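Remarks on the structure that follows.
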Amino acid sequence: MNKEAKKTLIRLVVAVPLMFAFGFALVPLYNVFCEVTGINGKIFQSEHNDKFISEEGRPIALQFISTNNENMPWIFKPSEQVMEIQTGKYHSATFYVKNTTNKKMTAQAVPSVAPSNAAEHLKKLECFCFEQQELMPGEEAILPIRLLVSNELPKNIKNIILSYTIFDITDYNDEALAHHQMDME
Amino acid sequence: MSAVIENHHDDHHHGPAKGITRWLYTTNHKDIGTLYLWFSFAMFLIGGAMAMVIRAELFSPGMQIVEPEFYNQMITLHGLIMIFGGVMPAFVGLANWLVPMMIGAPDMALPRMNNLSFWILPFAFFILLSSLFMEGGAPNFGWTFYAPLSTTYAPPSVTFFIFSVHIMGASSIMGSINVVVTIMNMRAPGVGLMKMPLFVWSWLITAYLLIAVMPVLAGAVTMMLMDIHFGTSFFNAAGGGDPVLFQHIFWFFGHPEVYIMILPAFGIVSHIIETFSRKPLFGYASMVWAMLSIAILSFVVWAHHMFTVGMPLAAEIFFMWATMLIAVPTGVKVFNWVATMFRGSITFETPMLFACAFVVLFTIGGLSGLMLAIVPADFQYHDTYFVVAHFHYVLVPGAIFSIMAAVYYWIPKWSGNMYDERLGKLHFWLSFIGVNVTFFPQHFIGLAGMPRRYPDYALQFADWNMVSSVGAFLFGFSQLLFLFIVVKTVIGGKKATDQVWEGAKGLEWTVASPAPYHTFSTPPKVD
């Protein structure tokens, strides 16, 4: 094989792991892209919300939807189905959650906003979805959210749906271990 | 004096080894090309048998022959086997046989890697097919293996599927590297880039596409593997991942992949139309530029497969226009083929029949693709039989017809014998009628709302499904005739001349028929 051929070969062989890495790089790229544009309806915690406070808000309806993922047995529902809110103002809402099982469980709620172009205008100061919820058997809790919808919300949007899906993320291996240890004691 | 030494040298290059080891240890591009072609033929028949199961089940409404779970395994394996086992290895086989002979090279640049890239393929498909006999059955999530269907809800055999995809990917990548190094460095003096035969050009572009996207596919299945076994959450919303991300990564591979399966076909058809029109190809340079533009555009259209996942309007409009833009270079190619035929002295031997059918039927498939590119219309067509009709029109009378045309066109050079023209024409007409009877009605039932990937359907779709199944059986069983013709030609038949076809041009037609085991040990002189 001559020198030129070797050079082509090396270039191509290097390209393969680079493209493999690019496949993985798509993951953070996608997340950053979605965070900037808000297009997958996900909302992220935002820090500087005060600049969105305004007196010249307009009324919109904020609807809450709760969904249990797969076999998640907890009771999970919004305290209020619909809220009439003003844009440019802080509002608080709560969700009720109860661990109906007889074992300690951990849950994670994942939010989504519809219509998706409303997501970037929905600013959350506080949300239970930023944390994991750990409840003892039979324990119940009121989960708070505090949010603001900025005045820049497109005029045609009069109704925002904020939906949460609650996932069971209990590490059952750990749990079994813990039980085992308790038995030993 | 030097001539004498060369002859002596040639004597030492004895022919192929005898027995099975010839095929196991071979580093000869012609042997490996033959292996690839027979392997893809075997896969074509296995994938075809699965298609027969699918069409038999859909012959009439209600559950008839197979369980729904098994039906899902059939559609998944049919797609995977036809794409990765049928079409792609067939094109690699053609590249192995033809690229060195067309550019005047003695062999592929990396002959040992060539052997490896073929011989890992049977293992990949053995692993994939063996999953049919595993607990929980074979993969059942469709060839696109969308997460979480292929992760959270997958049968245990998904891990075997992942490894078989890894092996197929490794094989394709090695094959492509080999093609690029060969074309870039082993052309005979005088074969400039813009003098290369179009099949060589089409494979150069295809190989670059493969090197770019097969590693991304490997990345996607690796992420699946990690989600399933190592507790990561790439595609799992509970852990902060996103199932839609899977579709983006998959189609970033998937859309260039569909051009990987059609660009070599463009090359083949250009040669055949040129030969049987007895005219030089119209617009050679524009053909090259058209293929390059199609290849580049293929990287910015992937999301047109997923308009319905909920993208912002701006993205949908971008992907719609980018997709429609591909119709321009494709239109240039179709125009050039027709312009080549225009006022040529055409004869319709079997390869030309397949090539003409390719031009017409591929264009139909391309046009239904344009319809699917229209975002608001796509919301209706998405995941219906209209999509099934579309991609089968570009893949069966597109890619597969071009492969059959290539086999008829070059088999006299490979075997030294002419195929039976009468049987070849019969095979063409049975296939042509079969393909259209199978897939044309699927446009109708798709527009009427029949969803794809279900073993059963509503009563109003019954008539066209029955027609479609009859066509599929006709097409399927005609391929046994193809097998018979190929075997008959390899065994014997009228001896072929060196040029084989009156209008054939190119270096591969200057060597003897059958092509000697070693060709162009000294580079030919090309003006």
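We label chains A, B, ... in the order they appear in the structure tokens, count residues from 1 in each chain, and number ligands from 1 in the order shown.
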Distance-based interface of chain B with chain A, 6 Å, counting only C-alpha atoms, as a PyMOL selection string = chain B and resi 181+185+215-216+219+238
The selected residues should be written to file as a PDB file, in the first residue's frame (atoms: C-alpha atoms).
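Result went into result.pdb, see below:
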ATOM      1  CA  VAL B 181      -9.286   3.930  -0.161  1.00  0.00           C
ATOM      2  CA  ASN B 185      -5.706   5.768  -4.487  1.00  0.00           C
ATOM      3  CA  PRO B 215     -21.221   4.921  13.765  1.00  0.00           C
ATOM      4  CA  VAL B 216     -24.204   7.071  14.768  1.00  0.00           C
ATOM      5  CA  GLY B 219     -24.151   4.929  19.118  1.00  0.00           C
ATOM      6  CA  ALA B 238     -38.338   9.049  34.377  1.00  0.00           C
TER       7      ALA B 238
END
Using DSSP on the backbone coordinates, identify the residues of range 228-258 of chain B assigned to helix (DSSP H, G or I); present them as a PyMOL selection string.
-> chain B and resi 228-229+237-239+243-258
Based on the selection just made, write C-alpha atoms of those residues as a PDB file, in the first residue's frame.
ATOM      1  CA  ILE B 228     -31.561  -1.621  29.251  1.00  0.00           C
ATOM      2  CA  HIS B 229     -28.660  -3.042  31.217  1.00  0.00           C
ATOM      3  CA  ALA B 237     -38.308  10.170  30.737  1.00  0.00           C
ATOM      4  CA  ALA B 238     -38.338   9.049  34.377  1.00  0.00           C
ATOM      5  CA  GLY B 239     -34.603   9.506  34.565  1.00  0.00           C
ATOM      6  CA  PRO B 243     -37.831   9.161  23.901  1.00  0.00           C
ATOM      7  CA  VAL B 244     -38.061  11.732  21.104  1.00  0.00           C
ATOM      8  CA  LEU B 245     -34.278  12.036  21.255  1.00  0.00           C
ATOM      9  CA  PHE B 246     -34.091   8.431  20.091  1.00  0.00           C
ATOM     10  CA  GLN B 247     -36.052   9.306  16.978  1.00  0.00           C
ATOM     11  CA  HIS B 248     -33.754  12.228  16.219  1.00  0.00           C
ATOM     12  CA  ILE B 249     -30.626  10.077  16.536  1.00  0.00           C
ATOM     13  CA  PHE B 250     -32.173   7.184  14.654  1.00  0.00           C
ATOM     14  CA  TRP B 251     -33.295   9.287  11.716  1.00  0.00           C
ATOM     15  CA  PHE B 252     -30.033  11.187  11.633  1.00  0.00           C
ATOM     16  CA  PHE B 253     -28.700   7.789  10.636  1.00  0.00           C
ATOM     17  CA  GLY B 254     -31.895   6.670   8.930  1.00  0.00           C
ATOM     18  CA  HIS B 255     -32.272   9.294   6.282  1.00  0.00           C
ATOM     19  CA  PRO B 256     -28.755   9.115   4.846  1.00  0.00           C
ATOM     20  CA  GLU B 257     -29.323   5.350   5.024  1.00  0.00           C
ATOM     21  CA  VAL B 258     -32.151   5.539   2.491  1.00  0.00           C
TER      22      VAL B 258
END
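Atom to atom, CA of Ala295 in chain B and CA of Cys34 in chain A stand 27.1 Å apart.
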Neighbours of Ser150 in chain B within 12 Å (only C-alpha atoms; same-chain residues fewer than 2 positions away dropped), as an MDAnalysis selection string?
-> chainID B and resid 76 138:148 152:159 161:162 220:221 223:225 227:228 235:236 243 246:247
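For the set B:Pro524, B:Gly93, B:Gly15, B:Gly503, the residue with the smallest atom-to-atom gap to Asn114 in chain B is B:Gly93, counting only C-alpha atoms.
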Hey, what's within 10 Å of range 374-386 of chain B if we count only C-alpha atoms and toss same-chain stuff fewer than 6 positions away? As a PyMOL selection string, please?
-> chain B and resi 304-308+313+316-317+319-321+323-324+368+392+439-453
Residue selection dump (N, CA and C atoms) as a PDB file, in the first residue's frame:
ATOM      1  N   HIS B 304     -38.193  14.894   8.806  1.00  0.00           N
ATOM      2  CA  HIS B 304     -39.456  14.710   8.070  1.00  0.00           C
ATOM      3  C   HIS B 304     -40.066  13.331   8.331  1.00  0.00           C
ATOM      4  N   HIS B 305     -39.315  12.459   9.014  1.00  0.00           N
ATOM      5  CA  HIS B 305     -39.893  11.173   9.404  1.00  0.00           C
ATOM      6  C   HIS B 305     -40.728  11.306  10.670  1.00  0.00           C
ATOM      7  N   MET B 306     -40.639  12.455  11.322  1.00  0.00           N
ATOM      8  CA  MET B 306     -41.252  12.569  12.646  1.00  0.00           C
ATOM      9  C   MET B 306     -41.986  13.904  12.821  1.00  0.00           C
ATOM     10  N   PHE B 307     -42.656  14.335  11.722  1.00  0.00           N
ATOM     11  CA  PHE B 307     -43.408  15.588  11.798  1.00  0.00           C
ATOM     12  C   PHE B 307     -44.443  15.560  12.920  1.00  0.00           C
ATOM     13  N   THR B 308     -44.958  14.366  13.239  1.00  0.00           N
ATOM     14  CA  THR B 308     -46.080  14.319  14.175  1.00  0.00           C
ATOM     15  C   THR B 308     -45.653  14.272  15.638  1.00  0.00           C
ATOM     16  N   LEU B 313     -43.273  25.008  14.577  1.00  0.00           N
ATOM     17  CA  LEU B 313     -43.640  25.245  13.182  1.00  0.00           C
ATOM     18  C   LEU B 313     -42.413  25.535  12.324  1.00  0.00           C
ATOM     19  N   GLU B 316     -40.689  22.425  11.320  1.00  0.00           N
ATOM     20  CA  GLU B 316     -41.438  21.643  10.340  1.00  0.00           C
ATOM     21  C   GLU B 316     -41.303  22.259   8.957  1.00  0.00           C
ATOM     22  N   ILE B 317     -41.348  23.585   8.890  1.00  0.00           N
ATOM     23  CA  ILE B 317     -41.234  24.247   7.590  1.00  0.00           C
ATOM     24  C   ILE B 317     -39.840  24.043   7.017  1.00  0.00           C
ATOM     25  N   PHE B 319     -37.729  21.544   7.570  1.00  0.00           N
ATOM     26  CA  PHE B 319     -37.529  20.166   7.093  1.00  0.00           C
ATOM     27  C   PHE B 319     -38.386  19.871   5.871  1.00  0.00           C
ATOM     28  N   MET B 320     -39.527  20.524   5.775  1.00  0.00           N
ATOM     29  CA  MET B 320     -40.359  20.344   4.588  1.00  0.00           C
ATOM     30  C   MET B 320     -39.647  20.885   3.346  1.00  0.00           C
ATOM     31  N   TRP B 321     -39.131  22.107   3.447  1.00  0.00           N
ATOM     32  CA  TRP B 321     -38.477  22.699   2.275  1.00  0.00           C
ATOM     33  C   TRP B 321     -37.189  21.967   1.923  1.00  0.00           C
ATOM     34  N   THR B 323     -36.528  18.914   2.392  1.00  0.00           N
ATOM     35  CA  THR B 323     -36.894  17.646   1.763  1.00  0.00           C
ATOM     36  C   THR B 323     -37.294  17.863   0.309  1.00  0.00           C
ATOM     37  N   MET B 324     -38.096  18.896   0.083  1.00  0.00           N
ATOM     38  CA  MET B 324     -38.563  19.135  -1.284  1.00  0.00           C
ATOM     39  C   MET B 324     -37.405  19.522  -2.196  1.00  0.00           C
ATOM     40  N   SER B 368     -44.535  10.196  -4.419  1.00  0.00           N
ATOM     41  CA  SER B 368     -45.294  10.004  -3.178  1.00  0.00           C
ATOM     42  C   SER B 368     -44.460  10.495  -2.000  1.00  0.00           C
ATOM     43  N   HIS B 392     -41.750   1.192  -0.320  1.00  0.00           N
ATOM     44  CA  HIS B 392     -41.552  -0.020  -1.119  1.00  0.00           C
ATOM     45  C   HIS B 392     -41.375   0.328  -2.591  1.00  0.00           C
ATOM     46  N   PHE B 439     -47.983  -3.128  -4.577  1.00  0.00           N
ATOM     47  CA  PHE B 439     -47.792  -1.878  -3.850  1.00  0.00           C
ATOM     48  C   PHE B 439     -48.678  -0.734  -4.330  1.00  0.00           C
ATOM     49  N   PHE B 440     -49.175  -0.771  -5.564  1.00  0.00           N
ATOM     50  CA  PHE B 440     -49.993   0.376  -5.965  1.00  0.00           C
ATOM     51  C   PHE B 440     -51.268   0.484  -5.133  1.00  0.00           C
ATOM     52  N   PRO B 441     -51.979  -0.632  -4.900  1.00  0.00           N
ATOM     53  CA  PRO B 441     -53.200  -0.514  -4.090  1.00  0.00           C
ATOM     54  C   PRO B 441     -52.930  -0.017  -2.672  1.00  0.00           C
ATOM     55  N   GLN B 442     -51.697  -0.198  -2.187  1.00  0.00           N
ATOM     56  CA  GLN B 442     -51.415   0.257  -0.827  1.00  0.00           C
ATOM     57  C   GLN B 442     -51.474   1.778  -0.715  1.00  0.00           C
ATOM     58  N   HIS B 443     -51.294   2.481  -1.838  1.00  0.00           N
ATOM     59  CA  HIS B 443     -51.534   3.926  -1.816  1.00  0.00           C
ATOM     60  C   HIS B 443     -52.996   4.203  -1.443  1.00  0.00           C
ATOM     61  N   PHE B 444     -53.897   3.439  -2.060  1.00  0.00           N
ATOM     62  CA  PHE B 444     -55.328   3.699  -1.846  1.00  0.00           C
ATOM     63  C   PHE B 444     -55.725   3.413  -0.408  1.00  0.00           C
ATOM     64  N   ILE B 445     -55.343   2.212   0.092  1.00  0.00           N
ATOM     65  CA  ILE B 445     -55.781   1.878   1.445  1.00  0.00           C
ATOM     66  C   ILE B 445     -55.093   2.771   2.470  1.00  0.00           C
ATOM     67  N   GLY B 446     -53.893   3.268   2.121  1.00  0.00           N
ATOM     68  CA  GLY B 446     -53.212   4.186   3.035  1.00  0.00           C
ATOM     69  C   GLY B 446     -53.945   5.511   3.109  1.00  0.00           C
ATOM     70  N   LEU B 447     -54.304   6.061   1.952  1.00  0.00           N
ATOM     71  CA  LEU B 447     -55.028   7.333   1.951  1.00  0.00           C
ATOM     72  C   LEU B 447     -56.384   7.177   2.627  1.00  0.00           C
ATOM     73  N   ALA B 448     -56.955   5.968   2.524  1.00  0.00           N
ATOM     74  CA  ALA B 448     -58.254   5.737   3.171  1.00  0.00           C
ATOM     75  C   ALA B 448     -58.095   5.532   4.667  1.00  0.00           C
ATOM     76  N   GLY B 449     -56.853   5.441   5.149  1.00  0.00           N
ATOM     77  CA  GLY B 449     -56.654   5.444   6.596  1.00  0.00           C
ATOM     78  C   GLY B 449     -56.189   4.157   7.224  1.00  0.00           C
ATOM     79  N   MET B 450     -55.756   3.173   6.421  1.00  0.00           N
ATOM     80  CA  MET B 450     -55.303   1.931   7.059  1.00  0.00           C
ATOM     81  C   MET B 450     -53.918   2.131   7.666  1.00  0.00           C
ATOM     82  N   PRO B 451     -53.783   1.917   8.988  1.00  0.00           N
ATOM     83  CA  PRO B 451     -52.480   2.106   9.617  1.00  0.00           C
ATOM     84  C   PRO B 451     -51.549   0.935   9.312  1.00  0.00           C
ATOM     85  N   ARG B 452     -50.228   1.211   9.324  1.00  0.00           N
ATOM     86  CA  ARG B 452     -49.264   0.149   9.084  1.00  0.00           C
ATOM     87  C   ARG B 452     -48.996  -0.620  10.374  1.00  0.00           C
ATOM     88  N   ARG B 453     -48.337  -1.783  10.229  1.00  0.00           N
ATOM     89  CA  ARG B 453     -47.853  -2.568  11.366  1.00  0.00           C
ATOM     90  C   ARG B 453     -48.958  -3.185  12.222  1.00  0.00           C
TER      91      ARG B 453
END
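Counting only C-alpha atoms, the residue from B:Met43, B:Ile65, B:Leu37, B:Ile211 that sits nearest to Val486 in chain B is B:Leu37.
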Do a neighbour search on range 80-92 of chain A at 9 Å with only C-alpha atoms, toss out local chain neighbours closer than 5 positions, and write the hits as a PyMOL selection string.
-> chain A and resi 52-65+125+144-153
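If you count only C-alpha atoms and ignore residues fewer than 5 places along the chain from Asn436 in chain B, what sits within 10 Å of it is Leu361, Ala389, Tyr393, Pro397, Ser431, Pro441, Gln442, Ser468, Gly471, Ala472 and Phe475 of chain B.
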Could you please determine the separation between CA of Gly398 in chain B and CA of Ala327 in chain B in Å, to one decimal place?
-> 15.6 Å
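Of the residues listed (B:Trp201, B:Phe482, B:Tyr208, B:Tyr419), B:Trp201 shows the shortest atom-to-atom separation from Ala285 in chain B; distances use only C-alpha atoms.
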In terms of the shortest atom-to-atom distance over only C-alpha atoms, which of B:Gly136, B:Gly241, B:Pro89, B:Gly104 is closest to Met261 in chain B?
-> B:Pro89
Tyr36 in chain B: which residues within 8 Å, counting only C-alpha atoms, same-chain residues fewer than 3 positions away excluded, as a list of chain:residue names?
-> B:Ile32, B:Gly33, B:Phe39, B:Ser40, B:Pro89, B:Ala90, B:Val92, B:Gly93, B:Phe118
Output file for the selection above: N, CA and C atoms, as a short mmCIF file (atom, residue, chain, number, x, y, z; two decimals), in the first residue's frame:
data_model
loop_
_atom_site.label_atom_id
_atom_site.label_comp_id
_atom_site.auth_asym_id
_atom_site.auth_seq_id
_atom_site.Cartn_x
_atom_site.Cartn_y
_atom_site.Cartn_z
N ILE B 32 -14.94 -12.28 -3.16
CA ILE B 32 -15.69 -11.65 -2.07
C ILE B 32 -16.97 -11.01 -2.61
N GLY B 33 -16.87 -10.44 -3.81
CA GLY B 33 -18.08 -9.92 -4.44
C GLY B 33 -19.12 -11.01 -4.63
N PHE B 39 -24.84 -14.16 -0.54
CA PHE B 39 -25.36 -13.95 0.81
C PHE B 39 -26.60 -13.06 0.75
N SER B 40 -26.52 -11.98 -0.02
CA SER B 40 -27.67 -11.08 -0.06
C SER B 40 -28.85 -11.77 -0.73
N PRO B 89 -25.74 -5.50 1.42
CA PRO B 89 -24.67 -6.42 0.97
C PRO B 89 -24.67 -6.63 -0.54
N ALA B 90 -25.84 -6.56 -1.18
CA ALA B 90 -25.86 -6.73 -2.63
C ALA B 90 -25.05 -5.60 -3.29
N VAL B 92 -22.69 -3.85 -1.85
CA VAL B 92 -21.27 -4.03 -1.52
C VAL B 92 -20.66 -5.11 -2.42
N GLY B 93 -21.44 -6.16 -2.68
CA GLY B 93 -20.96 -7.21 -3.57
C GLY B 93 -20.68 -6.66 -4.97
N PHE B 118 -16.76 -9.23 5.04
CA PHE B 118 -17.83 -10.15 4.62
C PHE B 118 -18.12 -11.19 5.68
#
